[in-house]
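Source file: my_file-v4.cif. Holds: mmCIF, C-alpha atoms (C1' of nucleotides).
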data_target
#
loop_
_atom_site.label_atom_id
_atom_site.label_comp_id
_atom_site.auth_asym_id
_atom_site.auth_seq_id
_atom_site.Cartn_x
_atom_site.Cartn_y
_atom_site.Cartn_z
CA MET A 192 124.39 127.09 81.46
CA ASP A 193 122.68 129.42 79.04
CA ALA A 194 124.68 127.79 76.25
CA ALA A 195 123.59 124.33 77.32
CA PHE A 196 119.92 125.29 77.09
CA LYS A 197 120.34 126.73 73.64
CA ALA A 198 122.29 123.67 72.54
CA LEU A 199 119.52 121.35 73.69
CA ALA A 200 116.84 123.47 72.07
CA GLU A 201 117.88 122.03 68.72
CA PRO A 202 116.37 118.55 68.14
CA ARG A 203 119.27 117.42 65.98
CA ARG A 204 121.73 118.13 68.75
CA ARG A 205 119.64 116.16 71.20
CA GLU A 206 119.80 113.22 68.78
CA ILE A 207 123.56 113.55 68.50
CA LEU A 208 123.83 113.71 72.26
CA LYS A 209 121.89 110.48 72.58
CA LEU A 210 124.17 108.77 70.06
CA VAL A 211 127.25 109.53 72.14
CA TRP A 212 125.57 109.09 75.48
CA SER A 213 126.82 105.65 76.35
CA ARG A 214 129.57 105.20 73.77
CA GLU A 215 132.35 107.14 72.11
CA LEU A 216 131.85 107.86 68.39
CA PRO A 217 133.92 109.52 65.62
CA ALA A 218 132.36 112.50 63.81
CA THR A 219 131.95 110.63 60.53
CA GLU A 220 130.04 107.81 62.14
CA ILE A 221 127.76 110.31 63.87
CA ALA A 222 127.08 112.07 60.57
CA GLN A 223 126.28 108.75 58.88
CA GLN A 224 123.34 108.27 61.23
CA PHE A 225 121.57 111.17 59.55
CA GLY A 226 120.47 110.82 55.97
CA ASP A 227 119.11 114.31 55.50
CA VAL A 228 122.11 116.38 56.49
CA THR A 229 125.74 116.82 55.46
CA ARG A 230 128.81 115.99 57.49
CA SER A 231 129.54 119.69 57.67
CA ALA A 232 126.29 120.46 59.43
CA VAL A 233 126.94 117.71 61.97
CA SER A 234 130.44 119.06 62.53
CA GLN A 235 128.98 122.46 63.32
CA HIS A 236 126.50 120.91 65.72
CA LEU A 237 129.37 119.14 67.42
CA SER A 238 131.12 122.49 67.83
CA VAL A 239 128.07 123.91 69.58
CA LEU A 240 127.81 120.88 71.84
CA ARG A 241 131.50 121.08 72.64
CA GLU A 242 131.41 124.80 73.43
CA SER A 243 128.44 124.29 75.72
CA GLN A 244 130.36 121.50 77.46
CA LEU A 245 127.71 118.92 76.65
CA VAL A 246 130.23 116.68 74.90
CA THR A 247 133.96 116.08 75.24
CA GLU A 248 136.40 115.47 72.41
CA ARG A 249 139.32 113.06 72.30
CA ARG A 250 141.81 112.78 69.43
CA ASP A 251 142.72 109.37 68.07
CA GLY A 252 145.00 109.71 65.05
CA VAL A 253 142.96 111.24 62.26
CA ARG A 254 139.71 110.76 64.08
CA ARG A 255 138.01 112.77 66.81
CA LEU A 256 135.97 110.80 69.24
CA TYR A 257 133.00 112.38 70.95
CA ARG A 258 131.25 111.46 74.14
CA ALA A 259 128.44 113.02 76.18
CA ASN A 260 129.51 114.94 79.27
CA HIS A 261 127.22 113.55 81.94
CA THR A 262 128.48 116.00 84.53
CA GLU A 263 127.19 118.93 82.53
CA MET A 264 123.85 117.23 81.96
CA ASN A 265 123.64 116.76 85.70
CA ARG A 266 124.19 120.47 86.18
CA LEU A 267 121.27 121.14 83.85
CA ARG A 268 119.07 118.76 85.80
CA ARG A 269 119.98 120.50 89.00
CA PHE A 270 119.25 123.87 87.46
CA LEU A 271 115.69 122.77 86.74
CA GLU A 272 115.43 121.52 90.28
CA GLU A 273 116.25 125.00 91.53
CA TYR A 274 112.85 126.10 90.35
CA TRP A 275 111.44 123.81 92.99
CA ASP A 276 113.98 124.67 95.64
CA ASP A 277 112.99 128.31 95.39
CA SER A 278 109.42 127.75 96.42
CA LEU A 279 107.16 125.88 98.77
CA GLU A 280 105.79 123.93 95.83
CA ARG A 281 108.80 121.73 96.41
CA LEU A 282 106.60 119.78 98.78
CA GLN A 283 104.27 118.86 95.95
CA TYR A 284 107.21 117.78 93.84
CA LEU A 285 108.53 115.56 96.60
CA ALA A 286 105.15 113.87 96.83
CA GLU A 287 105.16 113.17 93.09
CA ALA A 288 108.77 111.99 93.23
CA ALA A 289 107.90 109.57 96.01
CA GLU A 290 105.12 108.19 93.83
CA ARG A 291 107.51 107.56 90.99
CA GLU A 292 110.17 106.18 93.29
CA LYS A 293 107.95 103.34 94.48
CA GLY A 294 108.73 101.09 91.57
CA ILE A 295 112.30 102.15 90.85
CA SER A 296 114.82 101.88 93.64
CA ASN A 297 115.28 100.74 97.22
CA GLY A 298 118.55 102.42 98.06
CA MET Z 35 108.35 118.89 74.51
CA ASP Z 36 110.39 120.37 71.70
CA ALA Z 37 108.53 123.62 72.21
CA ALA Z 38 109.32 123.61 75.92
CA PHE Z 39 113.04 123.32 75.24
CA LYS Z 40 112.98 126.18 72.77
CA ALA Z 41 110.95 128.27 75.18
CA LEU Z 42 113.49 127.75 77.96
CA ALA Z 43 116.41 128.47 75.65
CA GLU Z 44 115.59 132.16 75.95
CA PRO Z 45 116.91 133.68 79.20
CA ARG Z 46 114.14 136.26 79.37
CA ARG Z 47 111.50 133.57 79.33
CA ARG Z 48 113.25 131.71 82.12
CA GLU Z 49 113.11 134.91 84.17
CA ILE Z 50 109.41 135.32 83.45
CA LEU Z 51 108.84 131.71 84.44
CA LYS Z 52 110.54 132.29 87.76
CA LEU Z 53 108.38 135.35 88.42
CA VAL Z 54 105.19 133.35 88.06
CA TRP Z 55 106.54 130.20 89.65
CA SER Z 56 105.00 130.52 93.08
CA ARG Z 57 102.46 133.27 92.49
CA GLU Z 58 99.96 134.40 89.90
CA LEU Z 59 100.82 137.68 88.13
CA PRO Z 60 99.07 139.90 85.53
CA ALA Z 61 100.97 140.60 82.28
CA THR Z 62 101.54 144.26 83.07
CA GLU Z 63 103.12 143.51 86.41
CA ILE Z 64 105.42 140.96 84.77
CA ALA Z 65 106.48 143.50 82.16
CA GLN Z 66 107.21 146.09 84.86
CA GLN Z 67 109.91 143.83 86.29
CA PHE Z 68 111.98 144.43 83.17
CA GLY Z 69 113.35 147.88 82.51
CA ASP Z 70 114.94 147.15 79.17
CA VAL Z 71 112.02 145.75 77.23
CA THR Z 72 108.51 146.80 76.23
CA ARG Z 73 105.25 145.29 77.39
CA SER Z 74 104.72 144.04 73.86
CA ALA Z 75 107.87 141.94 73.93
CA VAL Z 76 106.85 140.41 77.24
CA SER Z 77 103.40 139.69 75.84
CA GLN Z 78 104.99 137.81 72.97
CA HIS Z 79 107.17 135.85 75.36
CA LEU Z 80 104.06 134.94 77.34
CA SER Z 81 102.50 133.62 74.13
CA VAL Z 82 105.48 131.34 73.58
CA LEU Z 83 105.36 130.13 77.16
CA ARG Z 84 101.62 129.52 76.92
CA GLU Z 85 101.89 127.62 73.63
CA SER Z 86 104.63 125.42 75.05
CA GLN Z 87 102.40 124.75 78.08
CA LEU Z 88 104.94 126.16 80.51
CA VAL Z 89 102.43 128.67 81.87
CA THR Z 90 98.67 128.76 82.25
CA GLU Z 91 96.43 131.78 81.74
CA ARG Z 92 93.37 132.82 83.73
CA ARG Z 93 91.13 135.78 82.90
CA ASP Z 94 90.11 138.16 85.65
CA GLY Z 95 88.13 141.06 84.21
CA VAL Z 96 90.49 143.10 82.08
CA ARG Z 97 93.56 141.35 83.37
CA ARG Z 98 95.13 138.04 82.44
CA LEU Z 99 96.82 136.21 85.24
CA TYR Z 100 99.73 133.92 84.50
CA ARG Z 101 101.17 131.09 86.50
CA ALA Z 102 103.88 128.50 85.89
CA ASN Z 103 102.69 125.03 84.93
CA HIS Z 104 104.63 122.79 87.28
CA THR Z 105 103.36 119.65 85.66
CA GLU Z 106 104.95 120.56 82.35
CA MET Z 107 108.23 121.44 84.08
CA ASN Z 108 108.14 118.03 85.69
CA ARG Z 109 107.75 116.44 82.27
CA LEU Z 110 110.88 118.27 81.16
CA ARG Z 111 112.79 117.05 84.18
CA ARG Z 112 111.73 113.52 83.47
CA PHE Z 113 112.77 113.89 79.85
CA LEU Z 114 116.30 114.71 80.95
CA GLU Z 115 116.22 111.73 83.25
CA GLU Z 116 115.49 109.48 80.29
CA TYR Z 117 119.00 110.09 79.07
CA TRP Z 118 120.14 108.29 82.18
CA ASP Z 119 117.50 105.60 82.03
CA ASP Z 120 118.59 104.66 78.52
CA SER Z 121 122.07 103.60 79.53
CA LEU Z 122 124.05 101.67 82.04
CA GLU Z 123 125.60 104.92 83.16
CA ARG Z 124 122.49 105.22 85.26
CA LEU Z 125 124.40 103.31 87.88
CA GLN Z 126 126.93 106.10 88.09
CA TYR Z 127 124.16 108.66 88.32
CA LEU Z 128 122.51 106.76 91.15
CA ALA Z 129 125.78 106.79 93.04
CA GLU Z 130 126.03 110.55 92.62
CA ALA Z 131 122.39 110.99 93.57
CA ALA Z 132 122.92 108.96 96.71
CA GLU Z 133 125.77 111.27 97.63
CA ARG Z 134 123.57 114.31 97.27
CA GLU Z 135 120.67 112.62 99.01
CA LYS Z 136 122.58 112.18 102.24
CA GLY Z 137 121.81 115.63 103.51
CA ILE Z 138 118.38 116.08 101.98
CA SER Z 139 115.75 113.43 102.75
CA ASN Z 140 115.09 110.32 104.75
CA GLY Z 141 112.04 109.05 102.88
"C1'" DC F 42 78.11 156.90 74.45
"C1'" DA F 43 83.27 158.29 75.11
"C1'" DC F 44 87.26 157.11 77.71
"C1'" DT F 45 90.65 154.34 80.14
"C1'" DT F 46 92.86 150.06 81.25
"C1'" DA F 47 95.02 145.72 80.14
"C1'" DC F 48 96.11 143.17 77.01
"C1'" DG F 49 97.01 140.70 72.18
"C1'" DT F 50 98.55 141.20 67.33
"C1'" DA F 51 100.62 142.89 62.93
"C1'" DA F 52 104.42 145.02 60.47
"C1'" DG F 53 108.97 145.87 60.04
"C1'" DT F 54 113.91 145.18 61.23
"C1'" DA F 55 118.57 143.74 62.93
"C1'" DG F 56 120.74 139.87 64.22
"C1'" DA F 57 121.03 134.81 65.13
"C1'" DT F 58 120.76 130.13 63.28
"C1'" DG F 59 120.97 125.82 60.41
"C1'" DC F 60 122.16 124.50 56.24
"C1'" DT F 61 125.17 123.44 51.80
"C1'" DA F 62 129.21 123.81 48.99
"C1'" DA F 63 133.87 124.74 48.88
"C1'" DC F 64 138.18 125.14 50.99
"C1'" DG F 65 141.91 124.37 54.60
"C1'" DT F 66 144.50 121.19 57.60
"C1'" DA F 67 146.41 117.47 60.39
"C1'" DT F 68 147.32 112.46 60.29
"C1'" DC F 69 148.46 108.38 58.25
"C1'" DT F 70 150.21 105.39 54.22
"C1'" DA F 71 152.99 104.19 50.12
"C1'" DT R 207 157.10 113.31 48.48
"C1'" DA R 208 152.06 112.41 46.80
"C1'" DG R 209 147.68 111.01 47.97
"C1'" DA R 210 143.85 109.43 50.91
"C1'" DT R 211 141.28 110.04 55.18
"C1'" DA R 212 138.85 112.56 58.86
"C1'" DC R 213 137.86 116.36 60.22
"C1'" DG R 214 137.16 121.74 61.08
"C1'" DT R 215 136.19 126.29 58.91
"C1'" DT R 216 134.51 129.78 55.78
"C1'" DA R 217 131.15 132.06 52.66
"C1'" DG R 218 126.78 132.59 51.39
"C1'" DC R 219 121.85 131.96 51.81
"C1'" DA R 220 117.13 131.19 53.60
"C1'" DT R 221 114.73 131.09 57.59
"C1'" DC R 222 113.87 132.10 62.41
"C1'" DT R 223 113.78 135.14 66.38
"C1'" DA R 224 113.55 138.98 69.72
"C1'" DC R 225 112.56 143.32 69.54
"C1'" DT R 226 109.97 148.06 68.82
"C1'" DT R 227 106.23 150.78 67.07
"C1'" DA R 228 101.65 151.05 65.88
"C1'" DC R 229 97.19 149.33 65.90
"C1'" DG R 230 93.04 146.36 67.41
"C1'" DT R 231 89.98 144.84 71.09
"C1'" DA R 232 87.50 143.29 75.25
"C1'" DA R 233 86.33 144.85 80.03
"C1'" DG R 234 85.39 148.30 83.17
"C1'" DT R 235 84.09 153.55 84.39
"C1'" DG R 236 81.91 158.12 83.79
#
Could you spell out this file's structure in C-alpha coordinates?
Amino acid sequence: MDAAFKALAEPRRREILKLVWSRELPATEIAQQFGDVTRSAVSQHLSVLRESQLVTERRDGVRRLYRANHTEMNRLRRFLEEYWDDSLERLQYLAEAAEREKGISNG
Amino acid sequence: MDAAFKALAEPRRREILKLVWSRELPATEIAQQFGDVTRSAVSQHLSVLRESQLVTERRDGVRRLYRANHTEMNRLRRFLEEYWDDSLERLQYLAEAAEREKGISNG
DNA sequence: CACTTACGTAAGTAGATGCTAACGTATCTA
DNA sequence: TAGATACGTTAGCATCTACTTACGTAAGTG
(Lines of atoms letter the chains of each structure in order from A and count residues from 1; the text may use other names and numbers.)
(Lines give C-alpha, C1' and ligand atoms only; values in the text may rest on other atoms or scores of the structure.)
Protein backbone atom coordinates (compact mmCIF):
# COMPACT_ATOMS: atom_id res chain seq x y z
CA MET A 1 0.00 0.00 0.00
CA ASP A 2 2.78 2.37 0.94
CA ALA A 3 4.64 1.21 -2.17
CA ALA A 4 1.64 1.90 -4.36
CA PHE A 5 1.44 5.50 -3.16
CA LYS A 6 5.11 6.09 -3.81
CA ALA A 7 4.81 4.49 -7.24
CA LEU A 8 1.95 6.79 -8.19
CA ALA A 9 3.74 9.85 -6.87
CA GLU A 10 5.91 9.78 -9.99
CA PRO A 11 4.12 11.34 -13.01
CA ARG A 12 5.97 9.16 -15.49
CA ARG A 13 4.73 6.02 -13.79
CA ARG A 14 1.18 7.30 -13.88
CA GLU A 15 1.57 7.78 -17.64
CA ILE A 16 2.90 4.27 -18.04
CA LEU A 17 0.03 2.94 -15.98
CA LYS A 18 -2.45 4.67 -18.26
CA LEU A 19 -0.78 3.17 -21.33
CA VAL A 20 -1.28 -0.36 -20.04
CA TRP A 21 -4.62 0.29 -18.42
CA SER A 22 -6.88 -1.20 -21.04
CA ARG A 23 -4.37 -3.11 -23.16
CA GLU A 24 -1.30 -5.28 -22.78
CA LEU A 25 1.96 -3.74 -24.05
CA PRO A 26 5.60 -4.92 -24.38
CA ALA A 27 8.28 -2.87 -22.61
CA THR A 28 9.80 -1.57 -25.83
CA GLU A 29 6.51 -0.23 -27.09
CA ILE A 30 5.92 1.50 -23.77
CA ALA A 31 9.35 3.11 -23.91
CA GLN A 32 8.72 4.31 -27.48
CA GLN A 33 5.84 6.46 -26.24
CA PHE A 34 8.33 8.67 -24.43
CA GLY A 35 10.75 10.74 -26.44
CA ASP A 36 12.68 12.22 -23.56
CA VAL A 37 13.74 9.11 -21.72
CA THR A 38 15.70 5.92 -22.40
CA ARG A 39 14.38 2.39 -22.47
CA SER A 40 16.41 1.70 -19.36
CA ALA A 41 14.61 4.33 -17.34
CA VAL A 42 11.23 2.94 -18.42
CA SER A 43 12.38 -0.55 -17.49
CA GLN A 44 13.23 0.67 -14.01
CA HIS A 45 9.84 2.35 -13.71
CA LEU A 46 8.23 -0.92 -14.72
CA SER A 47 10.14 -2.65 -11.93
CA VAL A 48 8.75 -0.21 -9.39
CA LEU A 49 5.22 -0.65 -10.73
CA ARG A 50 5.60 -4.40 -10.66
CA GLU A 51 6.96 -4.49 -7.10
CA SER A 52 4.11 -2.29 -5.92
CA GLN A 53 1.67 -4.68 -7.63
CA LEU A 54 0.27 -1.94 -9.85
CA VAL A 55 1.09 -3.90 -13.00
CA THR A 56 1.41 -7.58 -13.86
CA GLU A 57 3.96 -9.13 -16.19
CA ARG A 58 3.46 -11.93 -18.69
CA ARG A 59 6.23 -13.51 -20.77
CA ASP A 60 5.71 -14.04 -24.48
CA GLY A 61 8.88 -15.37 -26.08
CA VAL A 62 11.46 -12.60 -25.97
CA ARG A 63 8.93 -10.01 -24.97
CA ARG A 64 7.41 -9.13 -21.61
CA LEU A 65 3.87 -7.89 -21.71
CA TYR A 66 2.63 -5.50 -19.07
CA ARG A 67 -0.87 -4.73 -17.94
CA ALA A 68 -2.36 -2.60 -15.15
CA ASN A 69 -3.54 -4.47 -12.08
CA HIS A 70 -7.00 -3.06 -11.53
CA THR A 71 -7.46 -4.95 -8.30
CA GLU A 72 -4.58 -3.10 -6.70
CA MET A 73 -5.86 0.23 -7.95
CA ASN A 74 -9.18 -0.63 -6.37
CA ARG A 75 -7.42 -1.24 -3.07
CA LEU A 76 -5.90 2.23 -3.32
CA ARG A 77 -9.30 3.75 -3.99
CA ARG A 78 -10.72 2.00 -0.98
CA PHE A 79 -7.83 3.18 1.15
CA LEU A 80 -8.72 6.78 0.35
CA GLU A 81 -12.31 6.01 1.18
CA GLU A 82 -11.24 4.92 4.65
CA TYR A 83 -10.53 8.53 5.44
CA TRP A 84 -14.23 9.11 5.09
CA ASP A 85 -15.27 5.93 6.84
CA ASP A 86 -13.36 7.01 9.91
CA SER A 87 -15.37 10.13 10.48
CA LEU A 88 -18.82 11.60 10.45
CA GLU A 89 -17.84 13.72 7.47
CA ARG A 90 -18.76 10.64 5.49
CA LEU A 91 -22.26 12.05 5.40
CA GLN A 92 -21.06 15.07 3.48
CA TYR A 93 -19.22 12.83 1.05
CA LEU A 94 -22.32 10.75 0.44
CA ALA A 95 -24.25 13.89 -0.38
CA GLU A 96 -21.62 14.93 -2.92
CA ALA A 97 -21.48 11.42 -4.35
CA ALA A 98 -25.23 11.42 -4.82
CA GLU A 99 -24.91 14.69 -6.72
CA ARG A 100 -22.38 13.19 -9.08
CA GLU A 101 -24.32 9.97 -9.41
CA LYS A 102 -27.36 11.72 -10.87
CA GLY A 103 -26.04 11.76 -14.39
CA ILE A 104 -24.01 8.55 -14.37
CA SER A 105 -25.78 5.34 -13.49
CA ASN A 106 -29.16 3.88 -12.65
CA GLY A 107 -28.13 0.53 -11.26
CA MET B 1 -2.79 17.23 -8.26
CA ASP B 2 0.77 16.09 -8.78
CA ALA B 3 1.66 17.78 -5.51
CA ALA B 4 -1.13 15.98 -3.69
CA PHE B 5 0.17 12.59 -4.81
CA LYS B 6 3.70 13.39 -3.69
CA ALA B 7 2.38 14.68 -0.38
CA LEU B 8 0.49 11.46 0.27
CA ALA B 9 3.46 9.32 -0.74
CA GLU B 10 5.01 10.08 2.63
CA PRO B 11 3.54 7.92 5.42
CA ARG B 12 4.11 10.56 8.07
CA ARG B 13 2.04 13.07 6.16
CA ARG B 14 -0.77 10.57 5.81
CA GLU B 15 -0.73 10.17 9.59
CA ILE B 16 -0.84 13.92 10.07
CA LEU B 17 -3.73 14.14 7.64
CA LYS B 18 -5.67 11.58 9.62
CA LEU B 19 -5.08 13.51 12.84
CA VAL B 20 -6.66 16.64 11.42
CA TRP B 21 -9.30 14.85 9.41
CA SER B 22 -12.27 15.36 11.69
CA ARG B 23 -10.93 18.00 14.05
CA GLU B 24 -8.85 21.15 14.01
CA LEU B 25 -5.44 20.88 15.72
CA PRO B 26 -2.58 23.32 16.47
CA ALA B 27 0.87 22.44 15.09
CA THR B 28 2.36 21.72 18.51
CA GLU B 29 -0.35 19.24 19.39
CA ILE B 30 0.16 17.47 16.08
CA ALA B 31 3.90 17.23 16.70
CA GLN B 32 3.30 15.80 20.18
CA GLN B 33 1.60 12.77 18.65
CA PHE B 34 4.95 11.68 17.23
CA GLY B 35 7.67 10.61 19.59
CA ASP B 36 10.36 10.02 17.02
CA VAL B 37 10.44 13.34 15.24
CA THR B 38 10.95 17.01 16.09
CA ARG B 39 8.40 19.78 15.89
CA SER B 40 10.43 21.27 13.07
CA ALA B 41 10.02 18.20 10.90
CA VAL B 42 6.27 18.22 11.48
CA SER B 43 6.16 21.91 10.62
CA GLN B 44 7.85 21.17 7.32
CA HIS B 45 5.40 18.38 6.62
CA LEU B 46 2.56 20.78 7.33
CA SER B 47 4.04 23.17 4.76
CA VAL B 48 3.98 20.44 2.13
CA LEU B 49 0.42 19.52 3.00
CA ARG B 50 -0.63 23.16 2.89
CA GLU B 51 1.05 23.81 -0.46
CA SER B 52 -0.61 20.74 -1.96
CA GLN B 53 -3.96 22.01 -0.63
CA LEU B 54 -4.53 18.91 1.46
CA VAL B 55 -4.88 20.97 4.65
CA THR B 56 -6.06 24.47 5.44
CA GLU B 57 -4.58 26.80 8.04
CA ARG B 58 -6.37 29.19 10.38
CA ARG B 59 -4.65 31.62 12.75
CA ASP B 60 -5.83 31.85 16.34
CA GLY B 61 -3.58 34.20 18.30
CA VAL B 62 -0.19 32.58 18.58
CA ARG B 63 -1.42 29.24 17.34
CA ARG B 64 -2.07 27.95 13.85
CA LEU B 65 -4.90 25.51 13.53
CA TYR B 66 -4.83 22.89 10.81
CA ARG B 67 -7.61 20.90 9.28
CA ALA B 68 -7.85 18.44 6.39
CA ASN B 69 -9.25 19.80 3.14
CA HIS B 70 -11.87 17.24 2.21
CA THR B 71 -12.58 18.87 -1.10
CA GLU B 72 -9.03 18.29 -2.28
CA MET B 73 -9.14 14.67 -1.11
CA ASN B 74 -12.30 14.25 -3.12
CA ARG B 75 -10.50 15.57 -6.19
CA LEU B 76 -7.85 12.91 -5.67
CA ARG B 77 -10.47 10.21 -5.39
CA ARG B 78 -12.06 11.37 -8.58
CA PHE B 79 -8.70 11.40 -10.30
CA LEU B 80 -8.27 7.71 -9.54
CA GLU B 81 -11.76 7.09 -10.83
CA GLU B 82 -10.76 8.61 -14.16
CA TYR B 83 -8.60 5.59 -14.78
CA TRP B 84 -11.78 3.59 -14.84
CA ASP B 85 -13.77 6.13 -16.81
CA ASP B 86 -11.19 6.06 -19.58
CA SER B 87 -11.71 2.42 -20.44
CA LEU B 88 -14.29 -0.23 -21.03
CA GLU B 89 -13.05 -1.98 -17.93
CA ARG B 90 -15.34 0.42 -16.15
CA LEU B 91 -18.01 -2.19 -16.65
CA GLN B 92 -16.06 -4.63 -14.55
CA TYR B 93 -15.53 -2.00 -11.89
CA LEU B 94 -19.24 -1.24 -11.77
CA ALA B 95 -19.94 -4.92 -11.23
CA GLU B 96 -17.52 -4.98 -8.31
CA ALA B 97 -18.94 -1.75 -6.93
CA ALA B 98 -22.43 -3.19 -7.08
CA GLU B 99 -21.22 -6.14 -5.06
CA ARG B 100 -19.82 -3.88 -2.38
CA GLU B 101 -22.86 -1.62 -2.48
CA LYS B 102 -25.22 -4.38 -1.44
CA GLY B 103 -24.57 -3.95 2.24
CA ILE B 104 -23.94 -0.22 2.30
CA SER B 105 -26.63 2.05 0.85
CA ASN B 106 -30.09 2.07 -0.64
CA GLY B 107 -30.03 5.50 -2.25
C1' DC C 1 10.36 46.81 27.95
C1' DA C 2 11.84 41.70 28.73
C1' DC C 3 10.11 37.12 28.53
C1' DT C 4 7.48 33.14 26.99
C1' DT C 5 4.82 30.64 23.66
C1' DA C 6 3.90 28.82 19.12
C1' DC C 7 5.31 28.62 15.19
C1' DG C 8 8.08 29.09 10.47
C1' DT C 9 12.63 29.00 8.14
C1' DA C 10 17.59 28.29 6.97
C1' DA C 11 21.66 25.37 6.95
C1' DG C 12 23.58 21.14 6.79
C1' DT C 13 23.47 16.06 6.14
C1' DA C 14 22.48 11.09 5.15
C1' DG C 15 19.88 8.58 2.26
C1' DA C 16 16.48 7.96 -1.55
C1' DT C 17 15.37 8.68 -6.42
C1' DG C 18 15.41 9.23 -11.57
C1' DC C 19 18.34 9.24 -15.02
C1' DT C 20 22.08 7.60 -18.66
C1' DA C 21 25.54 4.53 -20.38
C1' DA C 22 27.28 0.10 -20.32
C1' DC C 23 26.86 -4.62 -19.48
C1' DG C 24 24.45 -9.23 -18.78
C1' DT C 25 20.96 -12.61 -20.25
C1' DA C 26 17.18 -15.29 -22.19
C1' DT C 27 14.77 -16.21 -26.59
C1' DC C 28 14.49 -16.79 -31.25
C1' DT C 29 16.55 -17.37 -36.11
C1' DA C 30 19.88 -18.89 -39.64
C1' DT D 1 27.14 -22.23 -33.41
C1' DA D 2 26.77 -16.94 -34.34
C1' DG D 3 23.99 -13.08 -34.29
C1' DA D 4 19.83 -10.27 -33.54
C1' DT D 5 16.09 -9.01 -30.44
C1' DA D 6 13.89 -7.68 -26.06
C1' DC D 7 14.61 -7.06 -22.01
C1' DG D 8 16.65 -6.55 -16.94
C1' DT D 9 20.62 -4.94 -14.10
C1' DT D 10 24.61 -2.39 -12.56
C1' DA D 11 27.52 1.75 -11.80
C1' DG D 12 27.76 6.32 -11.40
C1' DC D 13 25.86 10.91 -11.02
C1' DA D 14 22.85 14.93 -10.07
C1' DT D 15 18.98 16.09 -7.73
C1' DC D 16 15.44 15.57 -4.24
C1' DT D 17 13.87 14.57 0.40
C1' DA D 18 13.20 13.91 5.40
C1' DC D 19 15.45 14.97 9.10
C1' DT D 20 17.96 17.73 13.08
C1' DT D 21 19.91 21.85 14.98
C1' DA D 22 19.89 26.58 15.23
C1' DC D 23 17.84 30.83 14.42
C1' DG D 24 14.00 34.34 13.30
C1' DT D 25 9.46 36.21 14.37
C1' DA D 26 4.67 37.38 15.59
C1' DA D 27 1.38 37.17 19.56
C1' DG D 28 0.49 37.24 24.23
C1' DT D 29 2.02 38.21 29.47
C1' DG D 30 4.44 40.55 33.31
From the set F:DA55, F:DG49, F:DT68, F:DC44, which residue has the shortest atom-to-atom contact distance to chain Z, counting all atoms listed in the file?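 Of F:DA55, F:DG49, F:DT68, F:DC44, the one nearest chain Z is F:DG49, counting all atoms listed in the file.
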Using Å and a single decimal, report how far atom CA of Leu216 of chain A sits from atom CA of Arg255 of chain A.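 A separation of 8.0 Å between them.
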Check: which chain A residues lie within 12 Å of chain R using all atoms listed in the file, as a list in words: Pro217, Ala218, Thr219, Glu220, Ala222, Arg230, Ser231, Ala232, Val233, Ser234, Gln235, His236, Leu237, Ser238, Arg250, Asp251, Gly252, Val253, Arg254, Arg255 and Leu256 of chain A
Quick check on the file I pasted: which residues fall under the PyMOL selection byres ((chain A) within 6 of (chain Z))? Write them as a PDB file with C-alpha atoms, in the coordinates of the input.
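Output file out.pdb follows:
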ATOM      1  CA  PHE A 196     119.920 125.290  77.090  1.00  0.00           C
ATOM      2  CA  LYS A 197     120.340 126.730  73.640  1.00  0.00           C
ATOM      3  CA  ALA A 200     116.840 123.470  72.070  1.00  0.00           C
TER       4      ALA A 200
END
Considering all atoms listed in the file, can you say which of F:DC60, F:DT70, F:DG65, F:DA52 comes closest to chain A? F:DC60
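Distance annotation: of F:DA62, F:DA47, F:DA57, F:DA71, the residue with the minimal separation from chain Z is F:DA47; atom set is all atoms listed in the file.
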Which residue out of F:DT45, F:DT66, F:DT50, F:DG59 has the minimum interatomic distance to chain A when only C-alpha atoms (C1' of nucleotides) are used?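 Answer, going by the shortest atom-to-atom distance: F:DG59.
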Quick check on the file I pasted: which residues fall under the PyMOL selection byres ((chain Z and resi 90) around 8)? Write them as a PyMOL selection string. chain Z and resi 84+87-89+91-92+100-103
Here atom CA of Glu263 of chain A and atom CA of Ile221 of chain A stand apart by 20.6 Å
